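Okay, so here's the structure we're looking at.
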Amino acid sequence: MELRSKIPSGPLEQKWERHRSEIKLVNPANKMKYHIIVVGSGLAGGSAAASLAELGYTVSCFCFQDSARRAHSIAAQGGINAAKNYQNDGDSAFRLFYDTVKGGDFRAREANVYRLAELSARIIDQCAAQGVPFAREYGGLLANRSFGGVQVSRTFYARGQTGQQLLLGAYQALARQIAVGQVRMYPRTEMLDLVVIDGRARGIVVRDLVSGAVSGHAADAVVLATGGYANVYYLSTNAKGCNVTAIWRAYRRGAALANPCFTQIHPTCIPVTGPHQAKLTLMSESLRNDGRIWVPKRTGDTRPPGAIPEAERDYYLERLYPSYGNLAPRDIASRRAKDVCDEGRGVGPGGGGHGVYLDLRDAIARLGREVIVERYGNLFEMYQRITGEDPFQVPMRIYPAPHYTMGGLWVDYNLMTTLDGLYAIGEANFSDHGANRLGASALMQGLADGYFILPYTIGDYLAQAKRDTVGPDHPTFRQVQGEVNERVRRLLAGSGRKTADVFHRELGRLMWDQCGMSRNAAGLNDAIAKIAGLREEFARDVYVGGKGEDFNQALEHAGRVADFFEFAELMCRDALHREESCGCHFREESQTPEGEAKRDDARYSYVAAWEFTGVGNAPTLHQEPLAFEAVHLAQRSYT
Amino acid sequence: MHLTLHVWRQQGPGLPGSFVRYAITDVSPDMSFLEMLDVLNQQLLARQDEPIAFDHDCREGICGACGMVINGRPHGPQRATTTCQLHMRSFADGAELWIEPWRARAFPVIKDLVVDRGAFDRIVQAGGFITVRAGSAPEANAVLVPKRNADLAMDAAACIGCGACVAACPNASAMLFAAAKVSHLGLLPQGQPERDTRVVGMVTQMDAEGFGACSNHGECMAACPKEISIDFIAQLNRDYLTAVASSKPQAARANGGDA
């Protein structure tokens, strides 16, 4: 396997424009003859499917949810970044690019990130034209706010429901294409394998989640927009259905997986309440604009927050990072929360818990209740519904939780994986966020990929690929379908005593403890051994129940857990091999005297792309060196 | 807490279903309603019974996947709350709960508490969009939107498409759902060119799907987890009348887009 990033030559700010003008085009009259499969209907998948159809391609779009409108992008609260400089505060494409590369701790590809920053402004244009009800100023212009880790106001938002509104924009564009027959939509249909013929991705094998029928779908290109894998931790802010299956199956078929250990732990989530917990809920980090984070100075201080005088509170982010304060990047804010809780200063029922206060008291006093309601009303209500506590009376309690995964399928500048004809967009690719994603950048990336990058680059491939007609009756399709049926059969044949949910929780606990916010070699080696043991136990001892030819949610879950077990090991291997700290990846062996992440650019300034070599074999590591020409490599400093 | 549940069990579409009684103990008041069902399902699996099928995904009240009628009320007793955000502290210890799927002809039951809401997607396909090809949008600040209109549009756009409005309505009408989208787009300057075709297309499709008519009960608004106002239904009615009264030959077409 050879990693060819295909970064165009020329100055950074001209690369994309030049590339776009030089890549091959498909004759408009021929576009309808090309069939493209898009898996996933979130911001990336939905926008890609709609845009490809607008161009005239024949598109099939698959999602496991009952409607394309429900993909997990919908839960993004805070906003979307764009270098519009509407606030006249000195923003520019270069500054957004720089912030993103720096925020990602210099582990992203310069050319990709610059393109993202460059396209960001057009995304806002597109979404506003679609009717996305962005927040406005009284004069009718678009409003902005600032977001974690940057010093300009470039975040556009629609109350606390920005992801929902952007997704509905993409969903409605998709609906229009479904209505005119340019897209065929397959809801409640899950991709369970990829079909590769003569080295090219030629289709997928799916299971109809209602009837249980397994079938093959052939195409000229396959686009995976299947999101992230934070549910490997069991408890995360991801929707319950989010899973690694699509990209894992692509990996097993020959697509390299990059930086799987780069997982973002979001600092502002509602703490766990008990062993029944099924998922964690994020509170938008926009709250950090007006909220102050603190814990008691003294360990074991069990007084209610209101009874702790100002002098006995430790606003630890403001203390450690005077210039960024509560807006320090996510990875830093999370790790510091863990530190103060590990010291026994965490708050929550009984004290010493896993939680810190996010206190809006001062902002309420300064701005008044009405302004706070306007800015955060729905977040306050959500918090109160879940915890039974009113944030106007007592400060919110928050704790970090797995939220986003920067790792994913390796893609070149054209967003194509190492398999010809297989593309990965949105969170599913290893993307533009390096080792840590800045707030309000996920929506930007998903939509840039789907509206403005993939529609061009996929044409370049199709124009050059040999056109032939491979159908789902091809022997390879039949073979892969047989393998999928066999996997389903084996899961159902298990006669053990433990459910997939129990196994998933065990795996999640292990990953959180040993491959979570803080990692070390001993813990990772131990985790790798334990995962193998658990995986064998799962294969032997899982109980699923029911039938394959039926609506069977236990079976759906079991299949996803089985893939998480294989994937988790790769994640730990990646974390083990990267003996440096960078962004979210904190190796205890590599830190500064102040306890900050210490990069090792001499040894690890590369993308780690892993190649599958067979079940039970160690994967092969390929390195894509990262060259920094426009930015100066520096130790991140937010003090 | 301990609870007695009567849960609607139905093997598949068109098959007869019935309530099945389950006793559940050790329920924590901090559990969400769906976590309580998770616990029950784990118990059912442990004794090799079939778990209860229900739709859910984000579990933070925004994806719109979950929804069940609890003691006669869609999404249960708490105002402005989806089933996934409903917590067991809303119920008394020893409570008896009747749990059933959305009941509407246009939402056929797939299994147990899972229904097919594809009709909602088809209503949107019939016009619930603004036609704007990627790449053709003008500079965003070139089109001004009064803040009041933007805020009101956002109120309408907050709909999560869960279907509680239909389940709550004695006529199983989808008016609140359609009205929310018609109003959201109709309040914005970008939505004006297709305003007539949109409302006619969506209403026509709504009727074709078998949803009932609106007779102003207002149950939809009471059940809506996002508190979408029935004022938007009045807006839809005005838009519909205007569109029909000024009908141009193409205005009644069910799909508004071009290829």
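Going through the structure tokens in order, the chains are called A, B, and so on, while each chain numbers its residues from 1 and the ligands are numbered from 1 in the order shown.
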
Hey, could you make a per-residue contact list for chain A against chain B with 7 Å as the cut-off, showing the nearest pair of atoms and its distance in Å to one decimal, counting only C-alpha atoms, sorted by chain and number, as CSV?
residue,atom,partner,partner_atom,distance
A:Ser51,CA,B:Ala134,CA,6.1
A:Glu54,CA,B:Arg133,CA,6.6
A:Arg70,CA,B:Cys63,CA,4.9
A:His72,CA,B:Cys58,CA,6.6
A:Ile74,CA,B:Cys63,CA,6.2
A:Ala75,CA,B:Ile62,CA,6.1
A:Ile124,CA,B:Ala140,CA,6.4
A:Asp125,CA,B:Ala140,CA,4.3
A:Gln126,CA,B:Ala137,CA,5.2
A:Ala128,CA,B:Ala140,CA,5.9
A:Ala129,CA,B:Ala137,CA,5.9
A:Gln130,CA,B:Ile130,CA,5.4
A:Gly131,CA,B:Gln190,CA,6.1
A:Pro133,CA,B:Met154,CA,5.4
A:Ala135,CA,B:Ala150,CA,7.0
A:Arg136,CA,B:Lys147,CA,5.3
A:Glu137,CA,B:Lys147,CA,6.1
A:Tyr138,CA,B:Lys147,CA,5.3
A:Gly139,CA,B:Pro146,CA,6.6
A:Gly140,CA,B:Pro146,CA,4.5
A:Leu141,CA,B:Leu144,CA,5.7
A:Leu142,CA,B:Asn141,CA,6.6
A:Gln172,CA,B:Phe129,CA,5.1
A:Ala173,CA,B:Phe129,CA,6.6
A:Ala175,CA,B:Gln125,CA,4.7
A:Arg176,CA,B:Gln125,CA,5.6
A:Ile178,CA,B:Gln125,CA,6.9
A:Ala179,CA,B:Gln125,CA,5.3
A:Val180,CA,B:Ala259,CA,6.1
A:Asn238,CA,B:Cys58,CA,6.8
A:Ala239,CA,B:Cys58,CA,3.9
A:Lys240,CA,B:Asp57,CA,5.0
A:Gly241,CA,B:Asp57,CA,5.8
A:Thr273,CA,B:Asp30,CA,6.9
A:His276,CA,B:Glu35,CA,6.6
A:Gln277,CA,B:Glu35,CA,6.9
A:Ala278,CA,B:Glu35,CA,6.3
A:Thr281,CA,B:Glu60,CA,6.4
A:Arg385,CA,B:Gln85,CA,6.6
A:Ile386,CA,B:Gln85,CA,6.6
A:Tyr451,CA,B:Ala134,CA,6.1
A:Gly545,CA,B:Gln48,CA,6.8
A:Gly546,CA,B:Glu50,CA,6.7
A:Gln553,CA,B:Ala53,CA,6.9

Take the residues that were just selected and, keeping N, CA and C atoms, output them as a compact mmCIF listing (two decimals), in the first residue's frame.
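The result, written out as again.txt:
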# COMPACT_ATOMS: atom_id res chain seq x y z
N SER A 51 -25.98 17.24 -3.51
CA SER A 51 -25.17 17.98 -4.49
C SER A 51 -24.81 17.13 -5.70
N GLU A 54 -27.83 17.01 -7.82
CA GLU A 54 -28.02 18.28 -8.53
C GLU A 54 -27.16 18.33 -9.78
N ARG A 70 -32.58 12.27 10.67
CA ARG A 70 -32.26 11.98 12.06
C ARG A 70 -30.78 11.70 12.33
N HIS A 72 -26.90 11.91 13.27
CA HIS A 72 -26.48 12.52 14.54
C HIS A 72 -25.93 13.94 14.41
N ILE A 74 -27.55 16.17 13.74
CA ILE A 74 -28.68 16.96 14.24
C ILE A 74 -28.47 17.42 15.67
N ALA A 75 -27.61 16.72 16.40
CA ALA A 75 -27.46 17.05 17.81
C ALA A 75 -26.42 18.13 18.07
N ILE A 124 -21.79 29.19 4.55
CA ILE A 124 -22.79 30.08 5.17
C ILE A 124 -23.73 30.63 4.10
N ASP A 125 -23.17 31.02 2.97
CA ASP A 125 -24.01 31.51 1.87
C ASP A 125 -25.04 30.45 1.47
N GLN A 126 -24.53 29.24 1.29
CA GLN A 126 -25.40 28.15 0.85
C GLN A 126 -26.52 27.89 1.86
N ALA A 128 -27.69 29.85 4.30
CA ALA A 128 -28.62 30.97 4.45
C ALA A 128 -29.63 30.95 3.30
N ALA A 129 -29.15 30.63 2.10
CA ALA A 129 -30.04 30.58 0.95
C ALA A 129 -31.06 29.45 1.06
N GLN A 130 -30.67 28.38 1.76
CA GLN A 130 -31.59 27.25 1.96
C GLN A 130 -32.67 27.56 2.99
N GLY A 131 -32.50 28.68 3.68
CA GLY A 131 -33.49 29.03 4.70
C GLY A 131 -33.11 28.62 6.10
N PRO A 133 -32.41 29.23 9.60
CA PRO A 133 -32.72 30.44 10.38
C PRO A 133 -31.60 30.80 11.36
N ALA A 135 -29.09 32.96 13.65
CA ALA A 135 -29.31 34.11 14.53
C ALA A 135 -28.95 35.39 13.77
N ARG A 136 -29.74 36.44 14.02
CA ARG A 136 -29.58 37.71 13.31
C ARG A 136 -29.45 38.86 14.29
N GLU A 137 -28.85 39.91 13.81
CA GLU A 137 -28.83 41.17 14.56
C GLU A 137 -30.08 41.96 14.19
N TYR A 138 -30.33 43.07 14.90
CA TYR A 138 -31.56 43.82 14.65
C TYR A 138 -31.63 44.37 13.24
N GLY A 139 -30.49 44.67 12.65
CA GLY A 139 -30.50 45.18 11.29
C GLY A 139 -30.73 44.12 10.23
N GLY A 140 -30.88 42.87 10.66
CA GLY A 140 -31.14 41.80 9.70
C GLY A 140 -29.90 41.07 9.22
N LEU A 141 -28.73 41.50 9.70
CA LEU A 141 -27.50 40.81 9.32
C LEU A 141 -27.26 39.60 10.21
N LEU A 142 -26.39 38.73 9.76
CA LEU A 142 -26.10 37.52 10.53
C LEU A 142 -25.31 37.84 11.79
N GLN A 172 -33.53 18.81 3.32
CA GLN A 172 -34.53 19.35 2.40
C GLN A 172 -33.99 19.38 0.96
N ALA A 173 -32.71 19.69 0.81
CA ALA A 173 -32.10 19.63 -0.51
C ALA A 173 -32.15 18.20 -1.04
N ALA A 175 -34.36 15.94 -0.05
CA ALA A 175 -35.77 15.63 -0.29
C ALA A 175 -36.18 16.06 -1.71
N ARG A 176 -35.67 17.22 -2.10
CA ARG A 176 -36.00 17.72 -3.43
C ARG A 176 -35.49 16.77 -4.51
N ILE A 178 -34.92 13.55 -4.07
CA ILE A 178 -35.69 12.30 -3.98
C ILE A 178 -36.99 12.48 -4.76
N ALA A 179 -37.60 13.65 -4.60
CA ALA A 179 -38.88 13.91 -5.27
C ALA A 179 -38.74 13.84 -6.79
N VAL A 180 -37.64 14.32 -7.31
CA VAL A 180 -37.48 14.28 -8.77
C VAL A 180 -36.84 12.98 -9.24
N ASN A 238 -22.46 10.56 21.55
CA ASN A 238 -23.01 10.13 20.26
C ASN A 238 -24.37 9.50 20.43
N ALA A 239 -25.14 9.53 19.35
CA ALA A 239 -26.42 8.83 19.36
C ALA A 239 -26.17 7.34 19.57
N LYS A 240 -27.19 6.65 20.08
CA LYS A 240 -27.02 5.23 20.40
C LYS A 240 -26.63 4.41 19.17
N GLY A 241 -27.09 4.82 18.01
CA GLY A 241 -26.83 4.02 16.82
C GLY A 241 -25.47 4.24 16.19
N THR A 273 -24.96 9.51 36.18
CA THR A 273 -25.72 9.44 37.44
C THR A 273 -25.78 8.03 38.03
N HIS A 276 -27.16 2.59 35.26
CA HIS A 276 -28.13 2.40 34.19
C HIS A 276 -27.84 3.29 32.99
N GLN A 277 -26.92 4.23 33.16
CA GLN A 277 -26.70 5.27 32.16
C GLN A 277 -26.52 4.69 30.76
N ALA A 278 -27.28 5.19 29.80
CA ALA A 278 -27.19 4.66 28.45
C ALA A 278 -26.38 5.56 27.53
N THR A 281 -25.00 13.35 27.81
CA THR A 281 -25.53 14.49 27.09
C THR A 281 -24.57 15.66 27.19
N ARG A 385 -34.17 19.21 32.85
CA ARG A 385 -34.93 17.98 32.61
C ARG A 385 -34.13 16.75 33.02
N ILE A 386 -32.83 16.77 32.72
CA ILE A 386 -32.02 15.58 32.96
C ILE A 386 -31.63 15.46 34.44
N TYR A 451 -20.82 19.61 0.11
CA TYR A 451 -21.32 20.57 -0.89
C TYR A 451 -20.26 20.97 -1.90
N GLY A 545 -30.58 -13.58 20.47
CA GLY A 545 -32.01 -13.92 20.43
C GLY A 545 -32.71 -13.44 19.17
N GLY A 546 -33.90 -13.93 18.97
CA GLY A 546 -34.70 -13.52 17.82
C GLY A 546 -34.18 -14.10 16.52
N GLN A 553 -33.53 -5.41 16.94
CA GLN A 553 -32.60 -4.38 17.38
C GLN A 553 -31.42 -4.96 18.17

*Compile the contact shell of Ala609 (chain A) as a PyMOL selection string: residues with an atom at most 8 Å away, counting only C-alpha atoms, same-chain residues fewer than 4 positions apart removed.*
chain A and resi 256-259+410+621-624

Could you write out that same residue set with N, CA and C atoms as a short mmCIF file (atom, residue, chain, number, x, y, z; two decimals), in the first residue's frame?
data_model
loop_
_atom_site.label_atom_id
_atom_site.label_comp_id
_atom_site.auth_asym_id
_atom_site.auth_seq_id
_atom_site.Cartn_x
_atom_site.Cartn_y
_atom_site.Cartn_z
N ALA A 256 -7.06 2.11 4.27
CA ALA A 256 -6.26 2.37 5.47
C ALA A 256 -7.05 3.23 6.45
N LEU A 257 -6.83 2.95 7.74
CA LEU A 257 -7.49 3.72 8.80
C LEU A 257 -6.42 4.58 9.47
N ALA A 258 -6.71 5.87 9.59
CA ALA A 258 -5.67 6.80 10.07
C ALA A 258 -5.97 7.32 11.46
N ASN A 259 -4.93 7.44 12.25
CA ASN A 259 -4.98 8.06 13.58
C ASN A 259 -6.18 7.64 14.43
N TRP A 410 -8.27 6.94 6.10
CA TRP A 410 -7.29 7.82 5.47
C TRP A 410 -7.82 8.23 4.09
N LEU A 621 1.82 -0.49 9.68
CA LEU A 621 1.79 0.96 9.81
C LEU A 621 2.40 1.63 8.58
N HIS A 622 1.67 2.57 8.01
CA HIS A 622 2.22 3.41 6.95
C HIS A 622 2.22 4.84 7.44
N GLN A 623 3.26 5.58 7.08
CA GLN A 623 3.36 6.95 7.57
C GLN A 623 3.23 7.95 6.43
N GLU A 624 2.36 8.92 6.62
CA GLU A 624 2.32 10.06 5.69
C GLU A 624 2.96 11.24 6.41
#

*Would you please extract all strand (DSSP E) residues from region 98-245 of chain B, as assigned by DSSP on the backbone, and give them as a ChimeraX atom specification?*
/B:98-100,109-111,114-115

*Report as a PyMOL selection string: the residues of region 360-604 of chain A with a DSSP assignment of helix (DSSP H, G or I), based on the backbone of this structure.*
chain A and resi 361-367+369-387+426-428+442-464+475-493+500-514+521-541+553-577+601-604

Would you save the residues from that selection as a short mmCIF file (atom, residue, chain, number, x, y, z; two decimals), in the first residue's frame, using C-alpha atoms?
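And here's part_18.cif as it stands now:
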data_model
loop_
_atom_site.label_atom_id
_atom_site.label_comp_id
_atom_site.auth_asym_id
_atom_site.auth_seq_id
_atom_site.Cartn_x
_atom_site.Cartn_y
_atom_site.Cartn_z
CA ARG A 361 -23.96 33.31 38.24
CA ASP A 362 -21.78 36.27 37.28
CA ALA A 363 -23.15 36.39 33.74
CA ILE A 364 -26.73 36.29 35.02
CA ALA A 365 -25.94 39.20 37.32
CA ARG A 366 -24.17 41.13 34.57
CA LEU A 367 -26.48 40.48 31.63
CA ARG A 369 -31.92 36.69 33.15
CA GLU A 370 -33.52 37.58 29.83
CA VAL A 371 -30.28 37.68 27.89
CA ILE A 372 -29.21 34.38 29.39
CA VAL A 373 -32.54 32.80 28.46
CA GLU A 374 -32.18 34.07 24.92
CA ARG A 375 -28.66 32.70 24.61
CA TYR A 376 -28.93 29.44 26.50
CA GLY A 377 -32.61 28.93 27.35
CA ASN A 378 -32.94 25.56 25.68
CA LEU A 379 -29.69 24.34 27.22
CA PHE A 380 -30.84 25.33 30.68
CA GLU A 381 -34.12 23.52 30.15
CA MET A 382 -32.34 20.44 28.88
CA TYR A 383 -30.07 20.43 31.90
CA GLN A 384 -32.98 20.79 34.26
CA ARG A 385 -34.93 17.98 32.61
CA ILE A 386 -32.02 15.58 32.96
CA THR A 387 -30.74 16.51 36.42
CA GLY A 426 -17.22 14.15 7.31
CA GLU A 427 -16.29 12.57 10.61
CA ALA A 428 -15.73 9.22 8.91
CA ALA A 442 -17.23 19.64 12.58
CA LEU A 443 -20.28 21.12 10.87
CA MET A 444 -17.99 23.18 8.67
CA GLN A 445 -15.98 20.18 7.60
CA GLY A 446 -18.97 17.92 6.94
CA LEU A 447 -20.62 20.52 4.72
CA ALA A 448 -17.41 21.55 2.95
CA ASP A 449 -16.82 17.92 2.03
CA GLY A 450 -20.38 17.35 0.89
CA TYR A 451 -21.32 20.57 -0.89
CA PHE A 452 -18.06 21.82 -2.28
CA ILE A 453 -15.28 19.23 -2.42
CA LEU A 454 -16.55 15.75 -3.17
CA PRO A 455 -18.87 16.84 -6.01
CA TYR A 456 -15.79 18.04 -7.90
CA THR A 457 -13.24 15.42 -6.97
CA ILE A 458 -15.45 12.40 -7.56
CA GLY A 459 -15.91 13.50 -11.15
CA ASP A 460 -12.16 13.37 -11.64
CA TYR A 461 -12.19 9.69 -10.71
CA LEU A 462 -15.31 8.78 -12.67
CA ALA A 463 -14.06 10.52 -15.80
CA GLN A 464 -10.96 8.34 -15.76
CA PRO A 475 -19.87 -13.48 -8.05
CA THR A 476 -18.01 -11.16 -5.64
CA PHE A 477 -21.29 -9.60 -4.52
CA ARG A 478 -22.73 -13.04 -3.94
CA GLN A 479 -19.65 -14.04 -1.98
CA VAL A 480 -19.70 -10.95 0.26
CA GLN A 481 -23.43 -11.38 0.78
CA GLY A 482 -22.74 -14.93 1.89
CA GLU A 483 -20.14 -13.71 4.36
CA VAL A 484 -22.58 -11.18 5.81
CA ASN A 485 -25.26 -13.84 6.17
CA GLU A 486 -22.75 -16.05 7.92
CA ARG A 487 -21.83 -13.29 10.38
CA VAL A 488 -25.50 -12.77 11.18
CA ARG A 489 -26.01 -16.50 11.58
CA ARG A 490 -23.06 -16.81 13.97
CA LEU A 491 -24.26 -13.94 16.14
CA LEU A 492 -27.67 -15.55 16.41
CA ALA A 493 -26.21 -18.98 17.12
CA ALA A 500 -24.23 -7.54 23.61
CA ASP A 501 -25.04 -4.55 25.81
CA VAL A 502 -23.21 -6.06 28.77
CA PHE A 503 -20.17 -6.76 26.60
CA HIS A 504 -20.31 -3.27 25.14
CA ARG A 505 -20.31 -1.70 28.60
CA GLU A 506 -17.28 -3.79 29.60
CA LEU A 507 -15.40 -2.76 26.50
CA GLY A 508 -16.35 0.86 27.02
CA ARG A 509 -15.18 0.89 30.61
CA LEU A 510 -11.86 -0.61 29.60
CA MET A 511 -11.34 1.90 26.79
CA TRP A 512 -12.32 4.85 28.98
CA ASP A 513 -9.93 3.81 31.74
CA GLN A 514 -6.99 2.83 29.59
CA ALA A 521 2.19 2.07 27.69
CA ALA A 522 1.43 -0.36 30.50
CA GLY A 523 -2.28 0.44 30.42
CA LEU A 524 -2.47 0.16 26.65
CA ASN A 525 -0.65 -3.18 26.54
CA ASP A 526 -2.96 -4.45 29.23
CA ALA A 527 -6.00 -3.18 27.33
CA ILE A 528 -4.89 -4.91 24.12
CA ALA A 529 -4.62 -8.23 25.96
CA LYS A 530 -7.95 -7.76 27.68
CA ILE A 531 -9.77 -6.74 24.51
CA ALA A 532 -8.63 -9.94 22.82
CA GLY A 533 -9.95 -11.94 25.76
CA LEU A 534 -13.27 -10.11 25.81
CA ARG A 535 -13.63 -10.48 22.07
CA GLU A 536 -13.21 -14.25 22.30
CA GLU A 537 -15.67 -14.39 25.14
CA PHE A 538 -18.10 -12.32 23.09
CA ALA A 539 -17.85 -14.69 20.13
CA ARG A 540 -18.47 -17.64 22.41
CA ASP A 541 -20.84 -16.27 24.97
CA GLN A 553 -32.60 -4.38 17.38
CA ALA A 554 -30.56 -6.72 19.59
CA LEU A 555 -29.02 -8.19 16.45
CA GLU A 556 -28.21 -4.73 15.04
CA HIS A 557 -26.46 -3.81 18.25
CA ALA A 558 -24.57 -7.10 18.51
CA GLY A 559 -23.14 -6.68 15.01
CA ARG A 560 -21.90 -3.21 15.86
CA VAL A 561 -20.37 -4.36 19.15
CA ALA A 562 -18.55 -7.19 17.35
CA ASP A 563 -16.89 -4.63 15.10
CA PHE A 564 -16.10 -2.33 18.03
CA PHE A 565 -14.21 -5.22 19.61
CA GLU A 566 -11.96 -5.56 16.58
CA PHE A 567 -11.60 -1.82 16.16
CA ALA A 568 -10.78 -1.12 19.82
CA GLU A 569 -7.61 -3.14 19.54
CA LEU A 570 -6.40 -1.08 16.59
CA MET A 571 -7.18 2.09 18.52
CA CYS A 572 -5.03 0.94 21.43
CA ARG A 573 -2.22 -0.11 19.10
CA ASP A 574 -2.23 3.31 17.51
CA ALA A 575 -2.20 5.00 20.94
CA LEU A 576 0.63 2.73 22.03
CA HIS A 577 2.82 3.37 19.01
CA ASP A 601 7.83 16.45 16.07
CA ALA A 602 11.09 14.75 15.21
CA ARG A 603 9.54 11.31 15.55
CA TYR A 604 5.81 11.71 15.11
#

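Between CA of Leu415 (chain A) and CA of His585 (chain A) there is a distance of 24.1 Å.
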
List as a PDB file with C-alpha atoms, in the first residue's frame the protein and nucleic acid residues near Glu96 (chain B), meaning an atom at most 10 Å away when only C-alpha atoms are counted, but skip any in the same chain fewer than 2 places from it.
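New file around.pdb:
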ATOM      1  CA  HIS B   2     -41.168  -0.154  41.202  1.00  0.00           C
ATOM      2  CA  LEU B   3     -43.629   0.103  38.354  1.00  0.00           C
ATOM      3  CA  THR B   4     -46.210  -1.899  36.500  1.00  0.00           C
ATOM      4  CA  LEU B   5     -45.995  -1.511  32.746  1.00  0.00           C
ATOM      5  CA  HIS B   6     -48.541  -2.495  30.137  1.00  0.00           C
ATOM      6  CA  ARG B  21     -47.946  -6.645  31.586  1.00  0.00           C
ATOM      7  CA  TYR B  22     -44.456  -6.331  33.069  1.00  0.00           C
ATOM      8  CA  ALA B  23     -43.459  -5.603  36.645  1.00  0.00           C
ATOM      9  CA  ASN B  71     -50.852   6.819  29.752  1.00  0.00           C
ATOM     10  CA  PHE B  91     -43.697   9.235  38.046  1.00  0.00           C
ATOM     11  CA  ALA B  92     -44.816   8.099  41.461  1.00  0.00           C
ATOM     12  CA  ASP B  93     -43.414   4.932  42.978  1.00  0.00           C
ATOM     13  CA  GLY B  94     -45.813   2.076  42.238  1.00  0.00           C
ATOM     14  CA  TRP B  98     -49.762   2.078  29.650  1.00  0.00           C
ATOM     15  CA  ILE B  99     -47.268   2.359  26.811  1.00  0.00           C
TER      16      ILE B  99
END

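The smallest atom-to-atom distance between Gly210 (chain B) and any of B:Pro193, B:Gly163, B:Arg79, B:Pro108, using only C-alpha atoms, is found for B:Pro108.
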
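For the set A:Arg207, A:Arg95, A:Arg253, A:Arg202, the residue with the smallest atom-to-atom gap to Gln151 (chain A) is A:Arg95, counting only C-alpha atoms.
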
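CA of Asn237 (chain B) is found 26.6 Å from CA of Arg73 (chain B).
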
*Which one is closest to His632 (chain A): A:Tyr34, A:Phe156, A:Phe64, A:Tyr98? Count only C-alpha atoms.*
A:Tyr98

*What gap, in Å, lies between CA of Val109 (chain B) and CA of Phe232 (chain B)?*
28.5 Å

*Of the candidates B:Ala179, B:Ala208, B:Pro77, B:Val200, which one gets nearest to Ser247 (chain B) if we count only C-alpha atoms?*
B:Val200
